[in-house]
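Structure data follow from structure.csv (CSV, C-alpha atoms and all ligand atoms):
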chain,number,residue,atom,x,y,z
Y,30,MET,CA,-53.8,-37.5,-92.4
Y,31,ILE,CA,-53.7,-34.2,-90.6
Y,32,GLU,CA,-54.3,-31.3,-92.9
Y,33,ALA,CA,-51.3,-29.0,-92.8
Y,34,ARG,CA,-51.9,-25.3,-92.8
Y,35,PRO,CA,-50.2,-23.4,-95.5
Y,36,ASN,CA,-46.5,-22.7,-94.7
Y,37,GLN,CA,-46.7,-24.7,-91.5
Y,38,ALA,CA,-45.1,-28.1,-90.8
Y,39,VAL,CA,-46.9,-30.5,-88.6
Y,40,GLY,CA,-44.8,-31.9,-85.8
Y,41,LEU,CA,-44.3,-32.6,-82.2
Y,42,SER,CA,-42.9,-30.1,-79.8
Y,43,GLU,CA,-41.9,-30.3,-76.1
Y,44,PRO,CA,-44.8,-30.2,-73.7
Y,45,ALA,CA,-45.5,-26.8,-72.1
Y,46,ASN,CA,-43.7,-26.5,-68.8
Y,47,SER,CA,-46.2,-24.2,-67.3
Y,48,VAL,CA,-48.6,-27.0,-66.3
Y,49,ASN,CA,-49.2,-27.1,-62.5
Y,50,ARG,CA,-50.1,-30.7,-62.0
Y,51,GLY,CA,-51.9,-30.1,-58.7
Y,52,ALA,CA,-54.0,-27.0,-59.4
Y,53,VAL,CA,-57.5,-26.9,-60.6
Y,54,GLU,CA,-57.9,-25.4,-64.1
Y,55,SER,CA,-60.4,-25.4,-66.9
Y,56,ARG,CA,-59.6,-26.0,-70.5
Y,57,LEU,CA,-61.6,-25.0,-73.6
Y,58,ASP,CA,-62.7,-27.6,-76.2
Y,59,PRO,CA,-62.7,-25.4,-79.3
Y,60,ILE,CA,-65.0,-27.8,-81.2
Y,61,SER,CA,-67.8,-28.0,-78.6
Y,62,GLY,CA,-67.2,-24.6,-77.0
Y,63,ASN,CA,-67.3,-26.3,-73.6
Y,64,TRP,CA,-64.9,-25.8,-70.7
Y,65,THR,CA,-63.8,-28.9,-68.7
Y,66,VAL,CA,-62.6,-28.6,-65.1
Y,67,PHE,CA,-59.5,-30.6,-64.3
Y,68,ALA,CA,-59.2,-31.3,-60.5
Y,69,PRO,CA,-56.4,-33.9,-60.1
Y,70,ASN,CA,-56.7,-33.7,-56.3
Y,71,ARG,CA,-60.1,-35.4,-56.4
Y,72,VAL,CA,-58.6,-38.8,-57.2
Y,73,GLN,CA,-57.6,-38.9,-53.5
Y,74,ARG,CA,-61.2,-38.9,-52.3
Y,75,PRO,CA,-62.3,-41.8,-50.1
Y,76,GLU,CA,-64.6,-44.1,-52.2
Y,77,GLU,CA,-66.9,-45.7,-49.6
Y,78,PHE,CA,-69.0,-47.4,-52.3
Y,79,VAL,CA,-66.0,-49.0,-54.0
Y,80,THR,CA,-64.4,-50.4,-50.9
Y,81,GLN,CA,-64.9,-50.1,-47.1
Y,82,GLN,CA,-61.1,-50.1,-46.7
Y,83,ASP,CA,-58.4,-47.6,-47.6
Y,84,PHE,CA,-55.3,-48.4,-49.6
Y,85,ALA,CA,-53.5,-49.6,-46.4
Y,86,GLY,CA,-56.4,-52.0,-45.7
Y,87,LYS,CA,-57.8,-49.9,-42.8
Y,88,GLN,CA,-61.6,-49.7,-42.4
Y,89,ILE,CA,-62.8,-46.2,-43.5
Y,90,GLU,CA,-64.6,-44.3,-40.8
Y,91,CYS,CA,-67.4,-42.1,-42.0
Y,92,PRO,CA,-66.0,-38.5,-41.8
Y,93,PHE,CA,-69.6,-37.1,-41.6
Y,94,CYS,CA,-70.6,-39.0,-38.4
Y,95,PRO,CA,-70.6,-37.2,-35.0
Y,96,GLY,CA,-67.2,-37.7,-33.3
Y,97,ASN,CA,-65.3,-37.5,-36.6
Y,98,GLU,CA,-65.6,-33.7,-37.0
Y,99,ALA,CA,-61.8,-33.3,-36.8
Y,100,THR,CA,-61.5,-35.2,-40.1
Y,101,THR,CA,-63.2,-32.5,-42.1
Y,102,PRO,CA,-62.2,-28.8,-42.4
Y,103,ALA,CA,-63.8,-26.5,-39.8
Y,104,PRO,CA,-67.5,-25.7,-40.3
Y,105,VAL,CA,-68.6,-22.5,-42.0
Y,106,TRP,CA,-72.3,-22.9,-41.0
Y,107,ILE,CA,-74.0,-24.8,-38.2
Y,108,GLY,CA,-77.7,-25.4,-37.7
Y,109,LYS,CA,-79.2,-26.8,-34.5
Y,110,ILE,CA,-82.5,-28.3,-33.6
Y,111,GLY,CA,-83.8,-27.4,-30.1
Y,112,GLU,CA,-84.7,-29.9,-27.5
Y,113,ASP,CA,-88.4,-29.6,-28.4
Y,114,ASP,CA,-87.4,-31.1,-31.8
Y,115,THR,CA,-88.9,-28.2,-33.7
Y,116,SER,CA,-87.2,-24.9,-32.9
Y,117,LEU,CA,-84.3,-24.2,-35.2
Y,118,ALA,CA,-81.2,-22.1,-34.6
Y,119,ILE,CA,-78.5,-21.0,-37.0
Y,120,VAL,CA,-75.1,-20.6,-35.2
Y,121,ASP,CA,-72.1,-18.6,-36.4
Y,122,PRO,CA,-69.3,-21.2,-36.0
Y,123,VAL,CA,-66.7,-18.4,-35.9
Y,124,ALA,CA,-68.3,-16.1,-33.4
Y,125,ALA,CA,-70.0,-18.7,-31.2
Y,126,ASN,CA,-68.1,-20.9,-28.8
Y,127,VAL,CA,-69.7,-24.2,-29.9
Y,128,ALA,CA,-68.5,-27.6,-29.0
Y,129,GLU,CA,-67.1,-29.5,-32.0
Y,130,ASP,CA,-69.9,-32.1,-31.9
Y,131,ASP,CA,-72.8,-29.7,-31.1
Y,132,TRP,CA,-74.6,-29.6,-34.4
Y,133,SER,CA,-77.7,-31.0,-36.3
Y,134,VAL,CA,-76.7,-29.9,-39.8
Y,135,ARG,CA,-73.2,-28.6,-40.6
Y,136,VAL,CA,-71.6,-27.1,-43.7
Y,137,VAL,CA,-67.8,-27.6,-44.2
Y,138,PRO,CA,-65.5,-26.8,-47.1
Y,139,ASN,CA,-64.9,-29.8,-49.3
Y,140,LYS,CA,-61.6,-31.5,-48.4
Y,141,PHE,CA,-61.1,-32.4,-52.1
Y,142,PRO,CA,-62.5,-29.3,-53.8
Y,143,ALA,CA,-63.3,-29.1,-57.5
Y,144,VAL,CA,-62.2,-25.4,-57.6
Y,145,ASN,CA,-59.3,-23.5,-56.3
Y,146,GLY,CA,-59.7,-21.4,-53.1
Y,147,CYS,CA,-61.5,-18.1,-53.6
Y,148,THR,CA,-59.1,-15.7,-55.1
Y,149,VAL,CA,-60.7,-14.2,-58.2
Y,150,SER,CA,-58.6,-15.5,-61.0
Y,151,ALA,CA,-56.4,-13.2,-63.0
Y,152,ALA,CA,-56.8,-13.2,-66.7
Y,153,SER,CA,-54.9,-16.2,-68.1
Y,154,HIS,CA,-51.6,-15.5,-69.7
Y,155,ARG,CA,-51.3,-15.7,-73.4
Y,156,GLU,CA,-52.0,-19.2,-74.5
Y,157,PRO,CA,-52.0,-20.7,-78.0
Y,158,PRO,CA,-55.6,-20.2,-79.3
Y,159,LEU,CA,-56.3,-24.0,-79.5
Y,160,PHE,CA,-55.0,-24.7,-76.0
Y,161,GLN,CA,-56.8,-22.2,-73.9
Y,162,ARG,CA,-56.9,-22.8,-70.2
Y,163,ARG,CA,-57.6,-20.6,-67.2
Y,164,PRO,CA,-57.7,-21.1,-63.5
Y,165,ILE,CA,-61.0,-21.6,-61.9
Y,166,SER,CA,-61.7,-20.1,-58.4
Y,167,GLY,CA,-64.5,-20.1,-55.9
Y,168,GLY,CA,-65.6,-22.5,-53.2
Y,169,HIS,CA,-66.8,-26.1,-52.8
Y,170,GLU,CA,-68.8,-26.9,-49.7
Y,171,VAL,CA,-70.5,-30.0,-48.3
Y,172,ILE,CA,-73.8,-29.8,-46.4
Y,173,ILE,CA,-73.8,-32.7,-43.9
Y,174,GLU,CA,-77.6,-33.2,-43.6
Y,175,SER,CA,-77.9,-35.2,-40.4
Y,176,ARG,CA,-76.1,-36.6,-37.4
Y,177,SER,CA,-77.5,-40.0,-38.3
Y,178,HIS,CA,-75.6,-42.2,-40.8
Y,179,VAL,CA,-78.6,-42.5,-43.2
Y,180,GLU,CA,-78.4,-42.4,-47.0
Y,181,SER,CA,-81.4,-40.4,-48.2
Y,182,LEU,CA,-83.2,-37.1,-47.8
Y,183,SER,CA,-86.4,-39.1,-47.2
Y,184,GLN,CA,-84.9,-40.5,-43.9
Y,185,LEU,CA,-84.4,-37.1,-42.4
Y,186,ASP,CA,-86.7,-35.5,-39.8
Y,187,LEU,CA,-88.7,-32.5,-41.1
Y,188,SER,CA,-86.6,-30.2,-38.9
Y,189,GLU,CA,-83.4,-31.6,-40.5
Y,190,THR,CA,-84.7,-31.2,-44.0
Y,191,GLN,CA,-85.7,-27.6,-43.1
Y,192,LEU,CA,-82.2,-26.9,-41.8
Y,193,VAL,CA,-80.7,-28.3,-45.0
Y,194,PHE,CA,-82.7,-25.9,-47.1
Y,195,ASN,CA,-81.8,-23.0,-44.7
Y,196,ALA,CA,-78.1,-24.0,-45.2
Y,197,LEU,CA,-78.5,-24.0,-49.0
Y,198,ARG,CA,-80.2,-20.5,-48.9
Y,199,ASP,CA,-77.6,-19.0,-46.5
Y,200,ARG,CA,-74.6,-20.4,-48.3
Y,201,ILE,CA,-75.8,-19.3,-51.7
Y,202,GLN,CA,-76.5,-15.8,-50.2
Y,203,HIS,CA,-72.9,-15.8,-48.9
Y,204,TRP,CA,-71.3,-16.8,-52.2
Y,205,ARG,CA,-73.3,-14.4,-54.3
Y,206,LYS,CA,-71.8,-11.5,-52.2
Y,207,VAL,CA,-68.2,-12.7,-52.8
Y,208,PRO,CA,-66.6,-10.4,-55.4
Y,209,GLY,CA,-66.0,-12.2,-58.7
Y,210,ILE,CA,-68.3,-15.2,-58.1
Y,211,ALA,CA,-70.4,-15.6,-61.3
Y,212,TYR,CA,-72.2,-18.9,-60.7
Y,213,VAL,CA,-73.4,-21.1,-57.8
Y,214,SER,CA,-74.5,-24.7,-58.3
Y,215,ALA,CA,-76.2,-26.6,-55.4
Y,216,PHE,CA,-76.8,-30.3,-55.9
Y,217,LYS,CA,-77.2,-33.7,-54.2
Y,218,ASN,CA,-75.7,-37.1,-55.2
Y,219,ALA,CA,-77.5,-39.9,-53.3
Y,220,GLY,CA,-76.1,-43.4,-54.1
Y,221,ALA,CA,-73.1,-44.6,-56.0
Y,222,ARG,CA,-74.8,-44.5,-59.4
Y,223,ALA,CA,-75.6,-40.8,-58.7
Y,224,GLY,CA,-72.0,-39.9,-58.2
Y,225,ALA,CA,-71.8,-40.1,-54.4
Y,226,SER,CA,-68.5,-41.3,-52.9
Y,227,LEU,CA,-69.8,-41.4,-49.3
Y,228,ARG,CA,-73.1,-42.9,-48.1
Y,229,HIS,CA,-73.9,-40.4,-45.2
Y,230,THR,CA,-76.6,-38.1,-46.6
Y,231,HIS,CA,-75.1,-34.8,-47.8
Y,232,SER,CA,-75.5,-32.2,-50.5
Y,233,GLN,CA,-72.9,-29.9,-52.0
Y,234,LEU,CA,-72.4,-26.4,-53.3
Y,235,ILE,CA,-69.8,-25.2,-55.9
Y,236,ALA,CA,-69.3,-21.5,-56.5
Y,237,THR,CA,-67.1,-20.4,-59.4
Y,238,ASP,CA,-65.9,-17.3,-61.1
Y,239,ARG,CA,-67.1,-18.6,-64.5
Y,240,ILE,CA,-70.6,-19.4,-65.8
Y,241,PRO,CA,-70.6,-22.8,-67.6
Y,242,THR,CA,-71.5,-22.7,-71.3
Y,243,ALA,CA,-74.8,-24.6,-71.0
Y,244,ILE,CA,-75.9,-22.4,-68.1
Y,245,GLN,CA,-75.1,-19.2,-70.1
Y,246,GLN,CA,-77.0,-20.6,-73.1
Y,247,ALA,CA,-80.1,-21.2,-70.9
Y,248,VAL,CA,-79.8,-17.7,-69.4
Y,249,ASP,CA,-79.6,-16.3,-73.0
Y,250,ARG,CA,-82.7,-18.3,-74.0
Y,251,MET,CA,-84.7,-17.0,-71.0
Y,252,THR,CA,-83.5,-13.4,-71.8
Y,253,ARG,CA,-84.6,-13.7,-75.5
Y,254,HIS,CA,-88.0,-15.1,-74.4
Y,255,ARG,CA,-88.6,-12.2,-72.1
Y,256,ALA,CA,-87.5,-9.7,-74.8
Y,257,THR,CA,-89.8,-11.2,-77.5
Y,258,SER,CA,-92.8,-12.1,-75.4
Y,259,GLY,CA,-92.6,-9.8,-72.4
Y,260,CYS,CA,-93.0,-12.8,-70.1
Y,261,CYS,CA,-90.7,-15.1,-68.0
Y,262,LEU,CA,-90.2,-18.4,-69.8
Y,263,HIS,CA,-90.6,-20.4,-66.6
Y,264,CYS,CA,-93.9,-18.6,-65.7
Y,265,ASP,CA,-95.2,-19.3,-69.2
Y,266,LEU,CA,-94.2,-23.0,-68.9
Y,267,ILE,CA,-95.9,-23.2,-65.5
Y,268,ARG,CA,-99.1,-21.7,-66.9
Y,269,ALA,CA,-99.0,-24.1,-69.9
Y,270,GLU,CA,-98.4,-27.2,-67.7
Y,271,LEU,CA,-101.2,-26.2,-65.3
Y,272,LYS,CA,-103.5,-25.8,-68.2
Y,273,ALA,CA,-102.5,-29.1,-69.7
Y,274,ARG,CA,-102.7,-30.8,-66.3
Y,275,GLU,CA,-101.4,-34.2,-67.3
Y,276,ARG,CA,-97.8,-33.7,-66.2
Y,277,VAL,CA,-98.5,-31.8,-63.0
Y,278,ILE,CA,-97.8,-33.8,-59.8
Y,279,TRP,CA,-98.4,-31.2,-57.1
Y,280,ARG,CA,-99.7,-27.7,-56.7
Y,281,ASP,CA,-100.4,-25.7,-53.6
Y,282,ASP,CA,-100.7,-22.0,-52.9
Y,283,ARG,CA,-96.9,-21.4,-53.4
Y,284,LEU,CA,-95.3,-24.3,-55.3
Y,285,VAL,CA,-95.8,-26.5,-58.3
Y,286,ALA,CA,-94.1,-29.8,-59.2
Y,287,TYR,CA,-94.3,-31.3,-62.7
Y,288,CYS,CA,-92.6,-33.6,-65.1
Y,289,PRO,CA,-91.6,-31.3,-68.0
Y,290,PHE,CA,-93.1,-31.9,-71.4
Y,291,SER,CA,-89.6,-32.5,-72.9
Y,292,SER,CA,-87.9,-34.1,-69.9
Y,293,HIS,CA,-84.5,-35.2,-71.0
Y,294,LEU,CA,-84.3,-37.9,-68.2
Y,295,PRO,CA,-86.8,-40.5,-67.0
Y,296,MET,CA,-89.0,-39.5,-64.0
Y,297,LEU,CA,-87.4,-36.1,-63.7
Y,298,VAL,CA,-89.5,-33.7,-61.6
Y,299,ARG,CA,-89.1,-29.9,-61.6
Y,300,VAL,CA,-90.2,-27.9,-58.5
Y,301,THR,CA,-90.6,-24.1,-58.5
Y,302,THR,CA,-92.6,-21.3,-57.1
Y,303,LEU,CA,-95.9,-20.3,-58.8
Y,304,GLU,CA,-94.9,-16.7,-58.2
Y,305,HIS,CA,-92.1,-15.3,-60.4
Y,306,GLN,CA,-88.9,-15.5,-58.3
Y,307,PRO,CA,-85.4,-15.3,-59.9
Y,308,CYS,CA,-83.4,-16.4,-56.8
Y,309,PHE,CA,-83.9,-19.5,-54.6
Y,310,GLU,CA,-81.8,-17.7,-51.9
Y,311,ASP,CA,-84.5,-14.9,-51.7
Y,312,LEU,CA,-87.3,-17.3,-50.8
Y,313,ASP,CA,-89.1,-16.3,-47.6
Y,314,ASN,CA,-89.1,-18.7,-44.6
Y,315,ARG,CA,-92.6,-20.1,-45.3
Y,316,THR,CA,-91.9,-20.8,-48.9
Y,317,LEU,CA,-88.5,-22.3,-48.1
Y,318,GLU,CA,-90.1,-24.6,-45.5
Y,319,SER,CA,-92.8,-25.7,-48.0
Y,320,THR,CA,-90.1,-26.4,-50.6
Y,321,SER,CA,-88.1,-28.5,-48.1
Y,322,ARG,CA,-91.3,-30.6,-47.3
Y,323,LEU,CA,-92.2,-31.0,-51.0
Y,324,VAL,CA,-88.7,-32.1,-52.0
Y,325,ARG,CA,-88.6,-34.6,-49.1
Y,326,ARG,CA,-92.0,-36.0,-50.2
Y,327,LEU,CA,-91.0,-36.2,-53.8
Y,328,VAL,CA,-87.9,-38.2,-52.9
Y,329,SER,CA,-90.0,-40.6,-50.7
Y,330,TRP,CA,-92.5,-41.1,-53.6
Y,331,LEU,CA,-89.6,-41.7,-56.0
Y,332,GLU,CA,-88.2,-44.3,-53.6
Y,333,SER,CA,-91.6,-46.0,-53.3
Y,334,ILE,CA,-91.8,-46.2,-57.1
Y,335,ARG,CA,-88.2,-47.4,-57.4
Y,336,PRO,CA,-87.0,-48.8,-54.1
Y,337,GLY,CA,-83.3,-48.2,-53.4
Y,338,THR,CA,-82.8,-45.9,-56.4
Y,339,ALA,CA,-79.8,-43.5,-56.6
Y,340,TYR,CA,-80.9,-40.0,-57.4
Y,341,ASN,CA,-79.7,-36.4,-57.8
Y,342,PHE,CA,-81.2,-33.0,-57.4
Y,343,CYS,CA,-79.9,-29.9,-59.0
Y,344,LEU,CA,-80.8,-26.4,-57.9
Y,345,TYR,CA,-80.9,-23.6,-60.5
Y,346,THR,CA,-80.8,-20.0,-59.2
Y,347,LYS,CA,-80.1,-16.8,-61.1
Y,348,PRO,CA,-76.3,-16.8,-61.6
Y,349,PRO,CA,-74.7,-13.8,-59.8
Y,350,GLY,CA,-72.6,-13.1,-62.9
Y,351,THR,CA,-75.6,-12.5,-65.2
Y,352,ASP,CA,-76.3,-8.9,-65.9
Y,353,ASP,CA,-79.7,-9.5,-67.5
Y,354,SER,CA,-82.8,-8.0,-65.8
Y,355,PRO,CA,-84.0,-10.2,-63.0
Y,356,ASP,CA,-87.4,-10.5,-64.7
Y,357,SER,CA,-86.1,-13.2,-67.1
Y,358,TYR,CA,-84.7,-15.8,-64.8
Y,359,HIS,CA,-86.8,-18.0,-62.5
Y,360,TRP,CA,-85.3,-20.5,-60.0
Y,361,CYS,CA,-86.1,-24.2,-60.0
Y,362,LEU,CA,-85.0,-27.5,-58.5
Y,363,GLU,CA,-84.9,-30.8,-60.5
Y,364,ILE,CA,-84.9,-34.3,-59.0
Y,365,PHE,CA,-84.2,-37.3,-61.0
Y,366,PRO,CA,-83.5,-41.0,-60.4
Y,367,ARG,CA,-80.5,-42.6,-62.1
Y,368,MET,CA,-82.3,-45.2,-64.2
Y,369,THR,CA,-80.4,-45.0,-67.4
Y,370,GLN,CA,-76.7,-45.0,-68.2
Y,371,ILE,CA,-75.4,-42.3,-70.6
Y,372,ALA,CA,-74.6,-44.6,-73.6
Y,373,GLY,CA,-72.8,-44.2,-76.9
Y,374,PHE,CA,-75.6,-42.3,-78.7
Y,375,GLU,CA,-76.0,-39.8,-75.9
Y,376,TRP,CA,-72.2,-39.2,-75.6
Y,377,GLY,CA,-71.9,-38.9,-79.4
Y,378,SER,CA,-74.9,-36.7,-80.0
Y,379,GLN,CA,-75.5,-34.9,-76.7
Y,380,CYS,CA,-79.1,-36.0,-77.2
Y,381,THR,CA,-80.6,-38.2,-74.6
Y,382,ILE,CA,-83.1,-41.1,-75.1
Y,383,ASN,CA,-85.8,-41.1,-72.5
Y,384,PRO,CA,-87.7,-44.4,-72.2
Y,385,ILE,CA,-90.5,-43.0,-69.9
Y,386,LEU,CA,-92.9,-40.4,-71.1
Y,387,PRO,CA,-93.4,-37.5,-68.6
Y,388,GLU,CA,-97.2,-38.1,-68.7
Y,389,LEU,CA,-96.7,-41.6,-67.3
Y,390,ALA,CA,-94.1,-40.5,-64.8
Y,391,ALA,CA,-96.4,-37.8,-63.5
Y,392,ALA,CA,-99.3,-40.3,-63.2
Y,393,LYS,CA,-97.0,-42.6,-61.0
Y,394,PHE,CA,-96.1,-39.7,-58.7
Y,395,ARG,CA,-99.7,-38.6,-58.5
Y,396,ALA,CA,-100.7,-42.1,-57.4
Y,397,CYS,CA,-98.1,-41.9,-54.6
Y,398,ALA,CA,-99.5,-38.5,-53.6
Y,399,ARG,CA,-103.1,-39.9,-53.5
Y,400,ALA,CA,-102.0,-43.0,-51.5
Y,401,GLU,CA,-100.5,-40.7,-48.9
Y,402,ASP,CA,-103.5,-38.3,-48.8
Y,403,PRO,CA,-106.7,-39.2,-50.8
Y,404,ARG,CA,-107.8,-35.6,-50.6
Y,405,ILE,CA,-105.3,-34.8,-53.3
Y,406,MET,CA,-107.5,-34.3,-56.3
Y,407,LEU,CA,-105.1,-33.7,-59.2
Y,408,SER,CA,-105.8,-36.3,-61.8
P,501,ZN,ZN,-71.8,-41.3,-41.2
P,502,ZN,ZN,-91.1,-16.5,-63.7
Could I get this structure in the form of structure tokens?
Amino acid sequence: MIEARPNQAVGLSEPANSVNRGAVESRLDPISGNWTVFAPNRVQRPEEFVTQQDFAGKQIECPFCPGNEATTPAPVWIGKIGEDDTSLAIVDPVAANVAEDDWSVRVVPNKFPAVNGCTVSAASHREPPLFQRRPISGGHEVIIESRSHVESLSQLDLSETQLVFNALRDRIQHWRKVPGIAYVSAFKNAGARAGASLRHTHSQLIATDRIPTAIQQAVDRMTRHRATSGCCLHCDLIRAELKARERVIWRDDRLVAYCPFSSHLPMLVRVTTLEHQPCFEDLDNRTLESTSRLVRRLVSWLESIRPGTAYNFCLYTKPPGTDDSPDSYHWCLEIFPRMTQIAGFEWGSQCTINPILPELAAAKFRACARAEDPRIMLS
């Protein structure tokens, strides 16, 4: 029985008539403190993995393949590989007069965005305190990573991979300058189990005027660590992992890749710079190129350990809306295969069960690295 508040009857009232059933909005769960984004338009997305036919029985053509450019919104970024297969050029699609199909990697606004177009949202009108909702604005873009209809980052040429990371850097730089943007998420879903609705290899970027609760909590933890220890939490973790050695997969003069001590997912790998660097989008060209090569290698090692696996990567960079000192945040990218389903205990407790120790995961990755190049001495 619902507990009635003093002097208040419990009953049903008419539904609020202010709901716009097409718009994206977020709503607050007062118990968990989390905001959920409602994006009703996204049920219209083509689901290539579910069926190769649309509702009228027509074969679905891949909207990301060359020749089908008209089926996506106009590009906001174009990268081209020169005829020598190595020289790269970034083309301004607005200023330059480029043919529609003249691209190697292209970035387009998502046709079915998870956020409203970029008008910084006004403060929401007065809502009952238990039914708080607010519009969520920003941008949602798709990075089409290749002209080839391939499904994984590991199938790209090195030049294509490099352009993908150039695109991520440029578009994050763009969004962090847009007034009101507080958070930028870049990520990849490869395979149906990883949340992809289309096979053609692509990654995505969502910029919003709100920082998600979990991200803000992580920022706060890093800020507290800096305040109490005088050091960056990530830099301290890197030092500790390098000293412990057993979870480190890769280390060169710029980058480190390791399976974190308390990895919440099996086979998760974290990549970051050895030097303190708050923002991925501020990486110099050489570090960016090294990062693109390492991520491609990690994906190919992952696929040799678990052939055909679905996987995600998530890129964490200092949210533009945080006002803490840049000394406390440190960018990273995490790659993980989709090996386990989130089951009842995880949903109920928000605590994951990881069946693979990170020490074992790191040993498997190191074995792949050594098979590729026996000079790699990490053990
Ligand atoms: Zn395609
Ligand atoms: Zn750091």
Please identify every polymer residue within 7 Å of ligand ZN 501 (chain P), using all atoms listed in the file, and present the set as a ChimeraX atom specification.
/Y:91-94,177-178,229
Just the selected residues (C-alpha atoms), exported as a CSV table (one decimal), keeping the file's coordinate frame, please.
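So the final result, stored in out.csv, reads:
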chain,number,residue,atom,x,y,z
Y,91,CYS,CA,-67.4,-42.1,-42.0
Y,92,PRO,CA,-66.0,-38.5,-41.8
Y,93,PHE,CA,-69.6,-37.1,-41.6
Y,94,CYS,CA,-70.6,-39.0,-38.4
Y,177,SER,CA,-77.5,-40.0,-38.3
Y,178,HIS,CA,-75.6,-42.2,-40.8
Y,229,HIS,CA,-73.9,-40.4,-45.2
Could you make a table, as CSV, of the residues of chain Y that have an atom within 10 Å of an atom of ligand ZN 502 (chain P), each with its nearest atom pair and distance in Å to one decimal, counting only C-alpha atoms and all ligand atoms, in chain and number order?
residue,atom,partner,partner_atom,distance
Y:Met251,CA,P:ZN502,ZN,9.7
Y:Arg255,CA,P:ZN502,ZN,9.8
Y:Cys260,CA,P:ZN502,ZN,7.6
Y:Cys261,CA,P:ZN502,ZN,4.5
Y:Leu262,CA,P:ZN502,ZN,6.5
Y:His263,CA,P:ZN502,ZN,4.9
Y:Cys264,CA,P:ZN502,ZN,4.0
Y:Asp265,CA,P:ZN502,ZN,7.4
Y:Leu266,CA,P:ZN502,ZN,8.9
Y:Ile267,CA,P:ZN502,ZN,8.4
Y:Thr301,CA,P:ZN502,ZN,9.2
Y:Thr302,CA,P:ZN502,ZN,8.3
Y:Leu303,CA,P:ZN502,ZN,7.8
Y:Glu304,CA,P:ZN502,ZN,6.7
Y:His305,CA,P:ZN502,ZN,3.7
Y:Gln306,CA,P:ZN502,ZN,5.9
Y:Pro307,CA,P:ZN502,ZN,7.0
Y:Pro355,CA,P:ZN502,ZN,9.5
Y:Asp356,CA,P:ZN502,ZN,7.1
Y:Ser357,CA,P:ZN502,ZN,6.9
Y:Tyr358,CA,P:ZN502,ZN,6.5
Y:His359,CA,P:ZN502,ZN,4.7
Y:Trp360,CA,P:ZN502,ZN,8.0
Y:Cys361,CA,P:ZN502,ZN,9.9
Filtering to C-alpha atoms, could you give me those residues as a short mmCIF file (atom, residue, chain, number, x, y, z; two decimals), in the coordinates of the input?
data_model
loop_
_atom_site.label_atom_id
_atom_site.label_comp_id
_atom_site.auth_asym_id
_atom_site.auth_seq_id
_atom_site.Cartn_x
_atom_site.Cartn_y
_atom_site.Cartn_z
CA MET Y 251 -84.70 -17.00 -71.00
CA ARG Y 255 -88.60 -12.20 -72.10
CA CYS Y 260 -93.00 -12.80 -70.10
CA CYS Y 261 -90.70 -15.10 -68.00
CA LEU Y 262 -90.20 -18.40 -69.80
CA HIS Y 263 -90.60 -20.40 -66.60
CA CYS Y 264 -93.90 -18.60 -65.70
CA ASP Y 265 -95.20 -19.30 -69.20
CA LEU Y 266 -94.20 -23.00 -68.90
CA ILE Y 267 -95.90 -23.20 -65.50
CA THR Y 301 -90.60 -24.10 -58.50
CA THR Y 302 -92.60 -21.30 -57.10
CA LEU Y 303 -95.90 -20.30 -58.80
CA GLU Y 304 -94.90 -16.70 -58.20
CA HIS Y 305 -92.10 -15.30 -60.40
CA GLN Y 306 -88.90 -15.50 -58.30
CA PRO Y 307 -85.40 -15.30 -59.90
CA PRO Y 355 -84.00 -10.20 -63.00
CA ASP Y 356 -87.40 -10.50 -64.70
CA SER Y 357 -86.10 -13.20 -67.10
CA TYR Y 358 -84.70 -15.80 -64.80
CA HIS Y 359 -86.80 -18.00 -62.50
CA TRP Y 360 -85.30 -20.50 -60.00
CA CYS Y 361 -86.10 -24.20 -60.00
#
Between CA of Gly62 in chain Y and CA of Pro241 in chain Y, what distance in Å does the model show, to one decimal?
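These two atoms are separated by 10.2 Å.
When all atoms listed in the file are used to compute distances to Ser214 in chain Y, the closest of the residues Y:Leu344, Y:Ile334, Y:Cys288, Y:Val105 turns out to be Y:Leu344.
Of the listed residues Y:Thr346, Y:Ser188, Y:Phe160, Y:Val285, the one whose atoms come nearest to Asp113 in chain Y is Y:Ser188, with distances taken using all atoms listed in the file.
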Applying 6 Å and all atoms listed in the file, which residues near range 197-213 of chain Y remain after dropping the ones on its own chain fewer than 2 positions away? List them as a VMD selection string.
chain Y and resid 149 194 to 195 235 to 240 310 348 to 350
Could you work out how far CA of Cys308 in chain Y lies from CA of Lys272 in chain Y, giving the answer in Å with one decimal?
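Spanning CA of Lys272 in chain Y to CA of Cys308 in chain Y is a straight-line distance of 24.9 Å.
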Find, counting all atoms listed in the file, the residue in Y:Ile382, Y:Val171, Y:Leu185, Y:Val277 that gets nearest to Ser321 in chain Y.
Y:Leu185
One number please: CA of Leu271 in chain Y to CA of Gln246 in chain Y, in Å, one decimal.
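Computing the Euclidean distance for CA of Leu271 in chain Y and CA of Gln246 in chain Y yields 26.0 Å.
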Taking 4 positions as the minimum chain separation for residues in the same chain, which residues sit within 7 Å of Leu362 in chain Y when counting all atoms listed in the file? Answer as a list in words.
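In the requested form, the answer reads Arg299, Val300, Thr301, Phe342, Cys343, Leu344 and Tyr345 of chain Y.
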Tell me which of Y:Lys140, Y:Arg326, Y:Arg399, Y:Arg222 sits closest to Thr190 in chain Y, counting all atoms listed in the file.
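Of Y:Lys140, Y:Arg326, Y:Arg399, Y:Arg222, the one nearest Thr190 in chain Y, counting all atoms listed in the file, is Y:Arg326.
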For a quick check of understanding, using all atoms listed in the file, which of Y:Leu386, Y:Ala273, Y:Ala400, Y:Leu297 has the smallest distance to Ser333 in chain Y?
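Using all atoms listed in the file, the shortest distance to Ser333 in chain Y belongs to Y:Ala400.
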